[in-house]
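The file upload13.pdb comes next; it holds PDB, C-alpha atoms and all ligand atoms.
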```pdb
ATOM      1  CA  MET A   1     -21.880  32.873  17.343  1.00  0.00           C
ATOM      2  CA  ILE A   2     -19.357  35.527  16.413  1.00  0.00           C
ATOM      3  CA  LYS A   3     -19.828  39.176  17.389  1.00  0.00           C
ATOM      4  CA  ARG A   4     -17.766  42.337  17.180  1.00  0.00           C
ATOM      5  CA  CYS A   5     -17.065  44.684  20.078  1.00  0.00           C
ATOM      6  CA  PRO A   6     -16.369  48.244  18.883  1.00  0.00           C
ATOM      7  CA  GLN A   7     -13.414  48.415  21.282  1.00  0.00           C
ATOM      8  CA  HIS A   8     -12.028  44.894  21.504  1.00  0.00           C
ATOM      9  CA  GLY A   9     -12.760  43.320  18.147  1.00  0.00           C
ATOM     10  CA  PHE A  10     -14.223  39.884  17.412  1.00  0.00           C
ATOM     11  CA  PHE A  11     -15.489  37.577  20.172  1.00  0.00           C
ATOM     12  CA  ARG A  12     -17.623  34.464  20.708  1.00  0.00           C
ATOM     13  CA  GLY A  13     -20.713  34.283  22.892  1.00  0.00           C
ATOM     14  CA  GLU A  14     -23.224  36.823  24.152  1.00  0.00           C
ATOM     15  CA  HIS A  15     -20.925  39.464  25.606  1.00  0.00           C
ATOM     16  CA  CYS A  16     -17.409  40.792  25.172  1.00  0.00           C
ATOM     17  CA  GLU A  17     -15.171  40.618  28.261  1.00  0.00           C
ATOM     18  CA  CYS A  18     -15.886  44.339  28.740  1.00  0.00           C
ATOM     19  CA  GLY A  19     -19.628  43.652  28.994  1.00  0.00           C
ATOM     20  CA  SER A  20     -20.593  45.037  25.579  1.00  0.00           C
ATOM     21  CA  ALA A  21     -23.266  43.043  23.724  1.00  0.00           C
ATOM     22  CA  GLY A  22     -21.490  43.947  20.479  1.00  0.00           C
ATOM     23  CA  GLN A  23     -22.747  43.519  16.932  1.00  0.00           C
ATOM     24  CA  LEU A  24     -23.803  40.091  15.675  1.00  0.00           C
ATOM     25  CA  LEU A  25     -21.778  38.932  12.648  1.00  0.00           C
ATOM     26  CA  LEU A  26     -22.589  35.229  12.454  1.00  0.00           C
ATOM     27  CA  ASP A  27     -25.162  33.083  14.243  1.00  0.00           C
ATOM     28  CA  GLU A  28     -24.417  29.724  15.868  1.00  0.00           C
ATOM     29  CA  THR A  29     -25.261  27.587  12.823  1.00  0.00           C
ATOM     30  CA  LYS A  30     -23.268  29.628  10.347  1.00  0.00           C
ATOM     31  CA  THR A  31     -20.305  29.846  12.726  1.00  0.00           C
ATOM     32  CA  GLU A  32     -20.264  26.057  12.834  1.00  0.00           C
ATOM     33  CA  GLN A  33     -20.599  25.764   9.041  1.00  0.00           C
ATOM     34  CA  LEU A  34     -17.771  28.215   8.448  1.00  0.00           C
ATOM     35  CA  GLY A  35     -15.668  26.552  11.164  1.00  0.00           C
ATOM     36  CA  ARG A  36     -16.036  23.150   9.535  1.00  0.00           C
ATOM     37  CA  LEU A  37     -15.160  24.494   6.089  1.00  0.00           C
ATOM     38  CA  VAL A  38     -12.081  26.348   7.369  1.00  0.00           C
ATOM     39  CA  ALA A  39     -10.927  23.277   9.323  1.00  0.00           C
ATOM     40  CA  GLY A  40     -11.347  21.128   6.209  1.00  0.00           C
ATOM     41  CA  SER A  41      -9.474  23.682   4.091  1.00  0.00           C
ATOM     42  CA  LEU A  42      -6.526  24.134   6.419  1.00  0.00           C
ATOM     43  CA  ARG A  43      -6.209  20.723   8.053  1.00  0.00           C
ATOM     44  CA  HIS A  44      -7.556  18.009   5.799  1.00  0.00           C
ATOM     45  CA  PHE A  45      -8.234  18.647   2.091  1.00  0.00           C
ATOM     46  CA  PRO A  46      -6.828  21.972   0.813  1.00  0.00           C
ATOM     47  CA  GLY A  47      -6.172  20.468  -2.621  1.00  0.00           C
ATOM     48  CA  ASP A  48      -9.782  19.370  -3.100  1.00  0.00           C
ATOM     49  CA  LEU A  49     -10.830  23.006  -2.658  1.00  0.00           C
ATOM     50  CA  GLY A  50      -8.207  24.338  -5.055  1.00  0.00           C
ATOM     51  CA  LEU A  51      -5.958  25.781  -2.356  1.00  0.00           C
ATOM     52  CA  ASP A  52      -2.168  25.692  -2.603  1.00  0.00           C
ATOM     53  CA  MET A  53      -0.664  24.831   0.781  1.00  0.00           C
ATOM     54  CA  ASP A  54       3.052  25.251   1.393  1.00  0.00           C
ATOM     55  CA  SER A  55       5.139  22.831   3.446  1.00  0.00           C
ATOM     56  CA  ARG A  56       4.497  24.824   6.658  1.00  0.00           C
ATOM     57  CA  GLY A  57       0.729  24.661   6.201  1.00  0.00           C
ATOM     58  CA  TRP A  58       0.144  28.230   4.945  1.00  0.00           C
ATOM     59  CA  VAL A  59      -2.463  29.130   2.325  1.00  0.00           C
ATOM     60  CA  ASP A  60      -3.342  32.484   0.774  1.00  0.00           C
ATOM     61  CA  LEU A  61      -5.981  34.201   2.924  1.00  0.00           C
ATOM     62  CA  THR A  62      -7.647  36.013  -0.004  1.00  0.00           C
ATOM     63  CA  LYS A  63      -7.913  32.716  -1.891  1.00  0.00           C
ATOM     64  CA  LEU A  64      -9.425  30.995   1.142  1.00  0.00           C
ATOM     65  CA  GLY A  65     -11.917  33.878   1.335  1.00  0.00           C
ATOM     66  CA  GLN A  66     -12.939  33.146  -2.257  1.00  0.00           C
ATOM     67  CA  VAL A  67     -13.255  29.435  -1.510  1.00  0.00           C
ATOM     68  CA  VAL A  68     -15.582  30.006   1.456  1.00  0.00           C
ATOM     69  CA  THR A  69     -17.688  32.464  -0.607  1.00  0.00           C
ATOM     70  CA  SER A  70     -18.049  29.844  -3.341  1.00  0.00           C
ATOM     71  CA  ARG A  71     -19.454  27.416  -0.740  1.00  0.00           C
ATOM     72  CA  HIS A  72     -21.455  29.870   1.386  1.00  0.00           C
ATOM     73  CA  ARG A  73     -22.522  33.079  -0.308  1.00  0.00           C
ATOM     74  CA  TRP A  74     -22.832  34.852   3.071  1.00  0.00           C
ATOM     75  CA  ALA A  75     -19.187  34.132   3.940  1.00  0.00           C
ATOM     76  CA  GLY A  76     -15.859  35.662   2.882  1.00  0.00           C
ATOM     77  CA  LYS A  77     -12.387  36.738   3.897  1.00  0.00           C
ATOM     78  CA  GLU A  78     -13.548  39.130   6.647  1.00  0.00           C
ATOM     79  CA  LEU A  79     -15.516  36.367   8.344  1.00  0.00           C
ATOM     80  CA  VAL A  80     -12.552  33.997   8.116  1.00  0.00           C
ATOM     81  CA  ILE A  81     -10.518  36.670   9.933  1.00  0.00           C
ATOM     82  CA  ALA A  82     -13.306  37.022  12.517  1.00  0.00           C
ATOM     83  CA  LEU A  83     -13.389  33.239  13.001  1.00  0.00           C
ATOM     84  CA  VAL A  84      -9.615  33.044  13.493  1.00  0.00           C
ATOM     85  CA  GLN A  85      -9.359  36.033  15.836  1.00  0.00           C
ATOM     86  CA  SER A  86     -12.306  35.034  18.037  1.00  0.00           C
ATOM     87  CA  ASP A  87     -11.149  31.428  18.510  1.00  0.00           C
ATOM     88  CA  SER A  88     -10.153  30.869  22.125  1.00  0.00           C
ATOM     89  CA  LYS A  89      -8.404  27.607  21.208  1.00  0.00           C
ATOM     90  CA  GLN A  90      -6.079  29.467  18.814  1.00  0.00           C
ATOM     91  CA  ARG A  91      -6.611  26.818  16.137  1.00  0.00           C
ATOM     92  CA  TYR A  92      -5.414  29.125  13.344  1.00  0.00           C
ATOM     93  CA  GLU A  93      -3.025  31.983  12.740  1.00  0.00           C
ATOM     94  CA  ILE A  94      -2.780  34.762  10.171  1.00  0.00           C
ATOM     95  CA  ALA A  95       0.424  36.452   8.943  1.00  0.00           C
ATOM     96  CA  ASP A  96       1.123  38.506   5.807  1.00  0.00           C
ATOM     97  CA  ASP A  97      -2.227  37.740   4.166  1.00  0.00           C
ATOM     98  CA  ARG A  98      -1.672  34.021   4.702  1.00  0.00           C
ATOM     99  CA  VAL A  99      -3.473  31.715   7.108  1.00  0.00           C
ATOM    100  CA  ARG A 100      -2.772  28.253   8.533  1.00  0.00           C
ATOM    101  CA  ALA A 101      -3.996  25.805  11.130  1.00  0.00           C
ATOM    102  CA  ARG A 102      -1.639  25.672  14.089  1.00  0.00           C
ATOM    103  CA  TYR A 103      -2.377  21.960  14.761  1.00  0.00           C
ATOM    104  CA  GLY A 104      -4.725  19.128  13.836  1.00  0.00           C
ATOM    105  CA  HIS A 105      -3.446  18.391  10.316  1.00  0.00           C
ATOM    106  CA  SER A 106      -4.149  15.150   8.517  1.00  0.00           C
ATOM    107  CA  VAL A 107      -2.304  16.483   5.455  1.00  0.00           C
ATOM    108  CA  ASP A 108       1.461  16.217   5.517  1.00  0.00           C
ATOM    109  CA  VAL A 109       3.000  19.450   6.840  1.00  0.00           C
ATOM    110  CA  GLU A 110       6.233  20.345   8.602  1.00  0.00           C
ATOM    111  CA  LEU A 111       5.185  22.883  11.196  1.00  0.00           C
ATOM    112  CA  ASP A 112       7.675  25.349  12.649  1.00  0.00           C
ATOM    113  CA  HIS A 113       6.257  26.266  16.047  1.00  0.00           C
ATOM    114  CA  PRO A 114       8.694  26.914  18.929  1.00  0.00           C
ATOM    115  CA  GLU A 115      10.440  23.882  20.376  1.00  0.00           C
ATOM    116  CA  ASN A 116       8.787  22.425  23.473  1.00  0.00           C
ATOM    117  CA  LYS A 117      10.533  23.352  26.748  1.00  0.00           C
ATOM    118  CA  ARG A 118       8.420  21.343  29.188  1.00  0.00           C
ATOM    119  CA  PRO A 119      10.245  18.278  30.539  1.00  0.00           C
ATOM    120  CA  LEU A 120       7.072  16.251  30.987  1.00  0.00           C
ATOM    121  CA  LEU A 121       3.949  16.030  28.847  1.00  0.00           C
ATOM    122  CA  TYR A 122       0.732  14.038  29.110  1.00  0.00           C
ATOM    123  CA  TYR A 123      -1.604  12.008  26.932  1.00  0.00           C
ATOM    124  CA  GLY A 124      -5.079  10.783  27.875  1.00  0.00           C
ATOM    125  CA  ALA A 125      -6.306   7.408  26.638  1.00  0.00           C
ATOM    126  CA  SER A 126      -8.787   4.651  27.353  1.00  0.00           C
ATOM    127  CA  GLU A 127      -7.571   1.658  29.358  1.00  0.00           C
ATOM    128  CA  GLU A 128      -7.174  -0.493  26.220  1.00  0.00           C
ATOM    129  CA  GLU A 129      -5.424   2.301  24.308  1.00  0.00           C
ATOM    130  CA  ALA A 130      -3.081   2.871  27.238  1.00  0.00           C
ATOM    131  CA  ASP A 131      -1.978  -0.786  27.269  1.00  0.00           C
ATOM    132  CA  ARG A 132      -1.287  -0.621  23.559  1.00  0.00           C
ATOM    133  CA  ILE A 133       0.546   2.699  23.782  1.00  0.00           C
ATOM    134  CA  LEU A 134       2.892   1.343  26.450  1.00  0.00           C
ATOM    135  CA  GLU A 135       3.815  -1.417  23.993  1.00  0.00           C
ATOM    136  CA  ILE A 136       4.082   0.500  20.712  1.00  0.00           C
ATOM    137  CA  GLY A 137       4.337   4.183  21.625  1.00  0.00           C
ATOM    138  CA  ILE A 138       2.097   7.149  20.822  1.00  0.00           C
ATOM    139  CA  LYS A 139       1.428   7.470  17.104  1.00  0.00           C
ATOM    140  CA  SER A 140      -1.509   8.786  15.146  1.00  0.00           C
ATOM    141  CA  ALA A 141      -3.081   6.864  12.286  1.00  0.00           C
ATOM    142  CA  SER A 142      -4.977   9.879  10.972  1.00  0.00           C
ATOM    143  CA  GLN A 143      -2.979  12.970  11.923  1.00  0.00           C
ATOM    144  CA  ARG A 144       0.456  14.286  11.059  1.00  0.00           C
ATOM    145  CA  TYR A 145       1.381  14.907  14.708  1.00  0.00           C
ATOM    146  CA  VAL A 146       0.117  13.576  18.006  1.00  0.00           C
ATOM    147  CA  HIS A 147      -1.321  16.074  20.461  1.00  0.00           C
ATOM    148  CA  LEU A 148      -0.077  16.109  24.034  1.00  0.00           C
ATOM    149  CA  SER A 149      -1.377  18.077  26.987  1.00  0.00           C
ATOM    150  CA  THR A 150       0.737  20.280  29.213  1.00  0.00           C
ATOM    151  CA  THR A 151      -0.778  18.995  32.495  1.00  0.00           C
ATOM    152  CA  PRO A 152      -2.174  15.618  33.653  1.00  0.00           C
ATOM    153  CA  GLU A 153      -5.552  17.236  34.347  1.00  0.00           C
ATOM    154  CA  LYS A 154      -5.873  18.598  30.808  1.00  0.00           C
ATOM    155  CA  ALA A 155      -4.940  15.202  29.333  1.00  0.00           C
ATOM    156  CA  TRP A 156      -7.494  13.506  31.558  1.00  0.00           C
ATOM    157  CA  HIS A 157     -10.163  16.035  30.598  1.00  0.00           C
ATOM    158  CA  VAL A 158      -9.526  15.666  26.850  1.00  0.00           C
ATOM    159  CA  ALA A 159      -9.815  11.876  27.144  1.00  0.00           C
ATOM    160  CA  THR A 160     -13.145  12.065  29.003  1.00  0.00           C
ATOM    161  CA  PHE A 161     -14.768  12.973  25.670  1.00  0.00           C
ATOM    162  CA  ARG A 162     -13.787   9.519  24.342  1.00  0.00           C
ATOM    163  CA  THR A 163     -13.807   7.239  27.353  1.00  0.00           C
ATOM    164  CA  GLY A 164     -15.493   7.023  30.736  1.00  0.00           C
ATOM    165  CA  ASN A 165     -12.411   6.035  32.654  1.00  0.00           C
ATOM    166  CA  PRO A 166      -9.313   7.708  31.201  1.00  0.00           C
ATOM    167  CA  ARG A 167      -5.734   6.739  31.895  1.00  0.00           C
ATOM    168  CA  VAL A 168      -3.057   9.404  31.717  1.00  0.00           C
ATOM    169  CA  ILE A 169       0.281   8.581  30.154  1.00  0.00           C
ATOM    170  CA  GLN A 170       3.309  10.651  31.028  1.00  0.00           C
ATOM    171  CA  ALA A 171       5.927  11.324  28.383  1.00  0.00           C
ATOM    172  CA  ASP A 172       9.537  12.104  29.261  1.00  0.00           C
ATOM    173  CA  ALA A 173       9.617  14.910  26.707  1.00  0.00           C
ATOM    174  CA  ALA A 174      13.129  16.057  27.551  1.00  0.00           C
ATOM    175  CA  ALA A 175      14.603  12.605  26.912  1.00  0.00           C
ATOM    176  CA  ALA A 176      12.508  12.030  23.792  1.00  0.00           C
ATOM    177  CA  GLN A 177      13.580  15.357  22.301  1.00  0.00           C
ATOM    178  CA  GLU A 178      17.189  14.610  23.109  1.00  0.00           C
ATOM    179  CA  ALA A 179      16.738  11.371  21.160  1.00  0.00           C
ATOM    180  CA  GLY A 180      15.482  13.352  18.156  1.00  0.00           C
ATOM    181  CA  VAL A 181      11.692  13.333  18.549  1.00  0.00           C
ATOM    182  CA  LYS A 182      10.430  16.742  17.387  1.00  0.00           C
ATOM    183  CA  MET A 183       7.995  18.401  19.825  1.00  0.00           C
ATOM    184  CA  MET A 184       6.536  21.885  19.365  1.00  0.00           C
ATOM    185  CA  THR A 185       4.499  24.210  21.560  1.00  0.00           C
ATOM    186  CA  VAL A 186       1.167  25.229  20.053  1.00  0.00           C
ATOM    187  CA  ASN A 187      -0.303  27.090  23.028  1.00  0.00           C
ATOM    188  CA  ASP A 188      -0.535  26.819  26.836  1.00  0.00           C
ATOM    189  CA  ASP A 189      -2.565  23.617  26.549  1.00  0.00           C
ATOM    190  CA  ILE A 190      -1.168  21.709  23.588  1.00  0.00           C
ATOM    191  CA  VAL A 191       2.206  20.414  22.420  1.00  0.00           C
ATOM    192  CA  ILE A 192       2.386  18.526  19.125  1.00  0.00           C
ATOM    193  CA  SER A 193       4.879  15.735  18.628  1.00  0.00           C
ATOM    194  CA  GLU A 194       6.142  13.201  16.164  1.00  0.00           C
ATOM    195  CA  THR A 195       5.608   9.544  17.111  1.00  0.00           C
ATOM    196  CA  ILE A 196       6.875   8.902  20.644  1.00  0.00           C
ATOM    197  CA  PRO A 197       8.532   5.519  21.273  1.00  0.00           C
ATOM    198  CA  SER A 198       7.219   3.585  24.261  1.00  0.00           C
ATOM    199  CA  ARG A 199      10.502   3.775  26.174  1.00  0.00           C
ATOM    200  CA  PHE A 200       9.752   7.437  26.969  1.00  0.00           C
ATOM    201  CA  LEU A 201       6.289   6.660  28.322  1.00  0.00           C
ATOM    202  CA  CYS A 202       4.844   5.529  31.613  1.00  0.00           C
ATOM    203  CA  ILE A 203       1.373   5.452  33.093  1.00  0.00           C
ATOM    204  CA  LEU A 204       0.520   8.051  35.708  1.00  0.00           C
ATOM    205  CA  ALA A 205      -1.178   6.769  38.857  1.00  0.00           C
ATOM    206  CA  ALA A 206      -4.669   8.172  39.384  1.00  0.00           C
ATOM    207  CA  LYS A 207      -3.619   9.567  42.748  1.00  0.00           C
ATOM    208  CA  ASP A 208      -0.981  11.747  41.053  1.00  0.00           C
ATOM    209  CA  ILE A 209      -3.630  13.427  38.947  1.00  0.00           C
ATOM    210  CA  ALA A 210      -5.911  13.976  41.908  1.00  0.00           C
ATOM    211  CA  LYS A 211      -3.022  15.277  43.984  1.00  0.00           C
ATOM    212  CA  GLN A 212      -2.207  17.945  41.432  1.00  0.00           C
ATOM    213  CA  GLU A 213      -5.855  18.864  41.100  1.00  0.00           C
ATOM    214  CA  SER A 214      -6.139  19.453  44.821  1.00  0.00           C
ATOM    215  CA  HIS A 215      -3.020  21.657  44.722  1.00  0.00           C
ATOM    216  CA  LYS A 216      -4.793  23.818  42.190  1.00  0.00           C
ATOM    217  CA  ASN A 217      -7.802  24.234  44.438  1.00  0.00           C
ATOM    218  CA  ILE A 218      -5.808  25.492  47.423  1.00  0.00           C
TER     219      ILE A 218
HETATM  220 ZN    ZN B 301     -15.275  44.792  24.483  1.00  0.00          ZN
END
```

Go through the file and emit its structure as structure tokens.
Ligand SMILES: [Zn+2]
Amino acid sequence: MIKRCPQHGFFRGEHCECGSAGQLLLDETKTEQLGRLVAGSLRHFPGDLGLDMDSRGWVDLTKLGQVVTSRHRWAGKELVIALVQSDSKQRYEIADDRVRARYGHSVDVELDHPENKRPLLYYGASEEEADRILEIGIKSASQRYVHLSTTPEKAWHVATFRTGNPRVIQADAAAAQEAGVKMMTVNDDIVISETIPSRFLCILAAKDIAKQESHKNI
């Protein structure tokens, strides 16, 4: 659900970080409905909804507000803003009455996030996927960019949603970028990248993931 704290603005869940119960704007079901529509609009099929998207992924926020109202009479621009601002994953961003998804596009966009500075990045996969990736590289059939994690633990965690026994692949990001592979920082957790050739990849031993986890716990 999405609520508003009089002091801190929009938030998800029962309470604001300050403890305020806030004012309810959107229940769980409607938050999910609006979230799916906004994701579809900004990541997958803007044209089908009559939205003009520029090459960097931006669409007009007022127009998107009209689109969501046409689908859900209870929704509109203000709720799109609430959805964006309360999203802890920072999926979207707003600037100058325009809005875009920061990652996750299946439509063709050329994003302009800051260049990645981390020398190593990580990708979680099933055992079979990992074997294949080491042969052909990391590429996405359905998305414009591939999504990498900034730590082995995060990559492992992401992959647990798809497989019981994840492998973590380490990418030599510094070398790949030097060779012309574009990698961009989305947030503290995610870096997006163009296809990464297999020569920049290796598999990370399970003990190296555990080791880093135990460092964190100290
Ligand atoms: Zn608050």

*Tell me, as a ChimeraX atom specification, which residues lie within 12 Å of A:Ser88, counting all atoms listed in the file; anything in the same chain fewer than 6 positions away does not count.*
/A:2,10-13,82,187-189

*asked:* Going by the chain IDs and residue numbers used in this file, which residues fall under the PyMOL selection byres (((not hetatm)) within 6 of (chain B and resi 301))? Write them as a list in words.
replied: Cys5, Gln7, His8, Cys16, Glu17, Cys18 and Ser20 of chain A

Which residues of stretch 179-208 of chain A come within 8 Å of stretch 163-170 of chain A, and for each one, what is the closest pair of atoms and their distance in Å to one decimal, counting all atoms listed in the file, sorted by chain and residue number, as JSON lines?
```
{"residue": "A:Leu201", "atom": "CA", "partner": "A:Gln170", "partner_atom": "CA", "distance": 5.7}
{"residue": "A:Cys202", "atom": "CA", "partner": "A:Gln170", "partner_atom": "CA", "distance": 5.4}
{"residue": "A:Ile203", "atom": "CA", "partner": "A:Ile169", "partner_atom": "CA", "distance": 4.4}
{"residue": "A:Leu204", "atom": "CA", "partner": "A:Val168", "partner_atom": "CA", "distance": 5.5}
{"residue": "A:Ala205", "atom": "CA", "partner": "A:Val168", "partner_atom": "CA", "distance": 7.8}
{"residue": "A:Ala206", "atom": "CA", "partner": "A:Arg167", "partner_atom": "CA", "distance": 7.7}
```

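For the pair atom CA of A:Leu64 and atom CA of A:Ser106, the interatomic distance is 18.3 Å.
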
*asked:* Evaluated on this file, the PyMOL selection byres (((chain A and resi 122-131) around 12) and not hetatm) picks out some residues - which ones are they, written as number ranges by chain?
replied: A: 118-121, 132-140, 146-173, 189-193, 196, 198, 200-204, 206, 209

_Test item: the PyMOL selection byres (((chain A and resi 4) around 7) and not hetatm) resolved as an NGL selection string_ = :A and (3 or 5-6 or 9-11 or 22-25)

Any chance you could tabulate, as CSV, the residues of stretch 139-210 of chain A at most 10 Å from stretch 39-44 of chain A with each one's nearest atom pair and distance in Å to one decimal, using only C-alpha atoms, in chain and rising number order?
```
residue,atom,partner,partner_atom,distance
A:Ser142,CA,A:His44,CA,10.0
A:Gln143,CA,A:His44,CA,9.2
A:Arg144,CA,A:Arg43,CA,9.7
```

*To one decimal in Å, tell me the separation between atom CA of A:Gly57 and atom CA of A:Arg91.*
12.5 Å

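The residues that lie within 10 Å of the point (-3.6, 27.7, 9.2), counting only C-alpha atoms, are A:Val38, A:Ala39, A:Ser41, A:Leu42, A:Arg43, A:Met53, A:Arg56, A:Gly57, A:Trp58, A:Val59, A:Asp60, A:Leu61, A:Val84, A:Arg91, A:Tyr92, A:Glu93, A:Ile94, A:Ala95, A:Arg98, A:Val99, A:Arg100, A:Ala101, A:Arg102, A:Tyr103, A:Gly104, A:His105.
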
*Just give me the gap between atom CA of A:Leu111 and atom CA of A:Thr69 in Å, one decimal is fine.*
27.5 Å

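Using only C-alpha atoms, the smallest distance between any of A:Lys117, A:Asp112, A:Val67, A:Ala174 and A:Pro46 comes from A:Val67.
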
Listed atoms of stretch 165-180 of chain A boxed axis-aligned with 3 Å per side, centre + edges as AutoDock Vina command-line options:
```
--center_x 2.4 --center_y 11.0 --center_z 25.4 --size_x 35.6 --size_y 16.0 --size_z 20.5
```

I need stretch 182-207 of chain A written out with C-alpha atoms, as a PDB file, in the first residue's frame; please produce it.
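Everything below was put into part.pdb:
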```pdb
ATOM      1  CA  LYS A 182      28.756   0.032 -21.845  1.00  0.00           C
ATOM      2  CA  MET A 183      27.906  -0.408 -18.143  1.00  0.00           C
ATOM      3  CA  MET A 184      25.861   2.066 -16.100  1.00  0.00           C
ATOM      4  CA  THR A 185      25.075   2.435 -12.409  1.00  0.00           C
ATOM      5  CA  VAL A 186      21.364   2.389 -11.611  1.00  0.00           C
ATOM      6  CA  ASN A 187      21.559   2.348  -7.812  1.00  0.00           C
ATOM      7  CA  ASP A 188      23.598   0.754  -4.995  1.00  0.00           C
ATOM      8  CA  ASP A 189      22.370  -2.708  -5.977  1.00  0.00           C
ATOM      9  CA  ILE A 190      22.133  -2.741  -9.760  1.00  0.00           C
ATOM     10  CA  VAL A 191      24.397  -2.020 -12.722  1.00  0.00           C
ATOM     11  CA  ILE A 192      22.989  -2.439 -16.229  1.00  0.00           C
ATOM     12  CA  SER A 193      25.194  -3.574 -19.076  1.00  0.00           C
ATOM     13  CA  GLU A 194      25.244  -4.357 -22.746  1.00  0.00           C
ATOM     14  CA  THR A 195      26.000  -7.981 -23.668  1.00  0.00           C
ATOM     15  CA  ILE A 196      29.149  -9.163 -21.880  1.00  0.00           C
ATOM     16  CA  PRO A 197      31.431 -11.525 -23.829  1.00  0.00           C
ATOM     17  CA  SER A 198      32.427 -14.704 -22.015  1.00  0.00           C
ATOM     18  CA  ARG A 199      36.118 -13.793 -21.874  1.00  0.00           C
ATOM     19  CA  PHE A 200      35.327 -11.287 -19.099  1.00  0.00           C
ATOM     20  CA  LEU A 201      33.463 -13.855 -17.013  1.00  0.00           C
ATOM     21  CA  CYS A 202      34.385 -16.513 -14.507  1.00  0.00           C
ATOM     22  CA  ILE A 203      32.463 -18.538 -11.967  1.00  0.00           C
ATOM     23  CA  LEU A 204      32.816 -17.576  -8.324  1.00  0.00           C
ATOM     24  CA  ALA A 205      33.481 -20.423  -5.894  1.00  0.00           C
ATOM     25  CA  ALA A 206      30.737 -20.890  -3.308  1.00  0.00           C
ATOM     26  CA  LYS A 207      33.257 -20.389  -0.521  1.00  0.00           C
TER      27      LYS A 207
END
```
